[in-house]
Amino acid sequence: MKRRDVALALASAGLLPTALAQGSPVEGKHYVRLGQPLPATPGSIEVLEFFLYTCPACYALDPQLETWAQRQPASVSLRRVPVGMQAMQKLHQRMFYALQAMGAMSPSVHAGIFNAFHRAGVQVTDADAAVALVAQLGVDATKFRQTLGSFAVQNKVNQGLKLAELSGADGVPTLVVAGRWRTGPALAGAQTLAVVDFLIQQARAGKTS
């Protein structure tokens with residue numbers, strides 16, 4: 001299924017709220033403030049994306065998010081955080097962090113994994129399937145297999161899950177801006193990235209609500 005078709009299907013099913021009316025996003029409606037802010041680096045604004053590779057809404061959002069990220073100044077960064085508690089989801093998390101540790105998690109590889117799941121119907125339920133998939137995407141299969149089971153990768157998985165818990169991200173995709181605010185399609189619908197831009201401006205202005 002094409003990404004546009006996924007988005008249309010979600011909208012027709014009532015899974016995406018309607019677009020924002022004129023005016024600024026509203027706290028409690030289009031975004032929520034975290035009860036306890038996450039640690040932040042002074043002078044930098046980080047946007048966290050909590051996602052699942054098997055999530056249709058994450059697949060639909062991804063190309064828009066990638067285009068958005070490429071337009072941002074150096075002071076704004078996007079960090080993707082794969083989540084999920086089931087065994088297969090944890091395998092996908094390890095796959096993401098192994099590729100990242102290898103320096104192989106490029107936008108094309110990231111999109112290639114999404115496409116394999118949502119367009120080609122690929123199932124990655126064990127390490128062999130993960131190795132086969134990344135090899136098709138041009139990644140060194142031997143190095144990937146070695147990295148996939150490393151302690152460093154498992155530690156990254158644990159850190160990501162803890163970060164999702166602290167952020168209150170109970171669904172995907174969820175975006176957290178500057179460690180202070182949480183939004184996503186479940187709140188802001190098609191205007192999610194406009195809300196993210198608004199929250200970035202709030203962070204630059206030193207506002208906390």
# chains A, B, ... in the order shown; residues from 1 in each chain; ligands from 1
>>> residues_around(residues="region 82-97 of chain A", least_positions_apart="5", cutoff="9 Å", atoms="only C-alpha atoms", output="ChimeraX atom specification")
/A:49-54,102,105,110,124-127,130-131,134,144,147-149,152-154,156-157,160-161,164,172
>>> closest_residue(among="A:Val81, A:Ala69, A:Lys143, A:Gln123", to="Ala104 (chain A)", atoms="only C-alpha atoms")
A:Lys143
>>> atom_distance(atom1="CA of Ala141 (chain A)", atom2="CA of His118 (chain A)")
22.2 Å
>>> residues_around(residues="region 71-77 of chain A", least_positions_apart="6", cutoff="7 Å", atoms="only C-alpha atoms", output="JSON, numbers by chain")
{"A": [43, 44, 45, 46, 47]}
>>> select_by_dssp(residues="region 88-183 of chain A", states="strand (DSSP E or B)", output="VMD selection string")
chain A and resid 174 to 177 181 to 183
>>> write_last_selection(atoms="C-alpha atoms", output="mmCIF file, in the first residue's frame")
data_model
loop_
_atom_site.group_PDB
_atom_site.id
_atom_site.type_symbol
_atom_site.label_atom_id
_atom_site.label_comp_id
_atom_site.auth_asym_id
_atom_site.auth_seq_id
_atom_site.Cartn_x
_atom_site.Cartn_y
_atom_site.Cartn_z
ATOM 1 C CA THR A 174 4.368 10.293 18.936
ATOM 2 C CA LEU A 175 6.578 13.383 18.749
ATOM 3 C CA VAL A 176 8.129 15.092 21.767
ATOM 4 C CA VAL A 177 9.477 18.603 21.255
ATOM 5 C CA TRP A 181 5.558 18.869 24.794
ATOM 6 C CA ARG A 182 4.029 15.768 23.213
ATOM 7 C CA THR A 183 1.995 15.670 20.005
#
>>> atom_distance(atom1="CA of Arg145 (chain A)", atom2="CA of Ala132 (chain A)")
9.9 Å
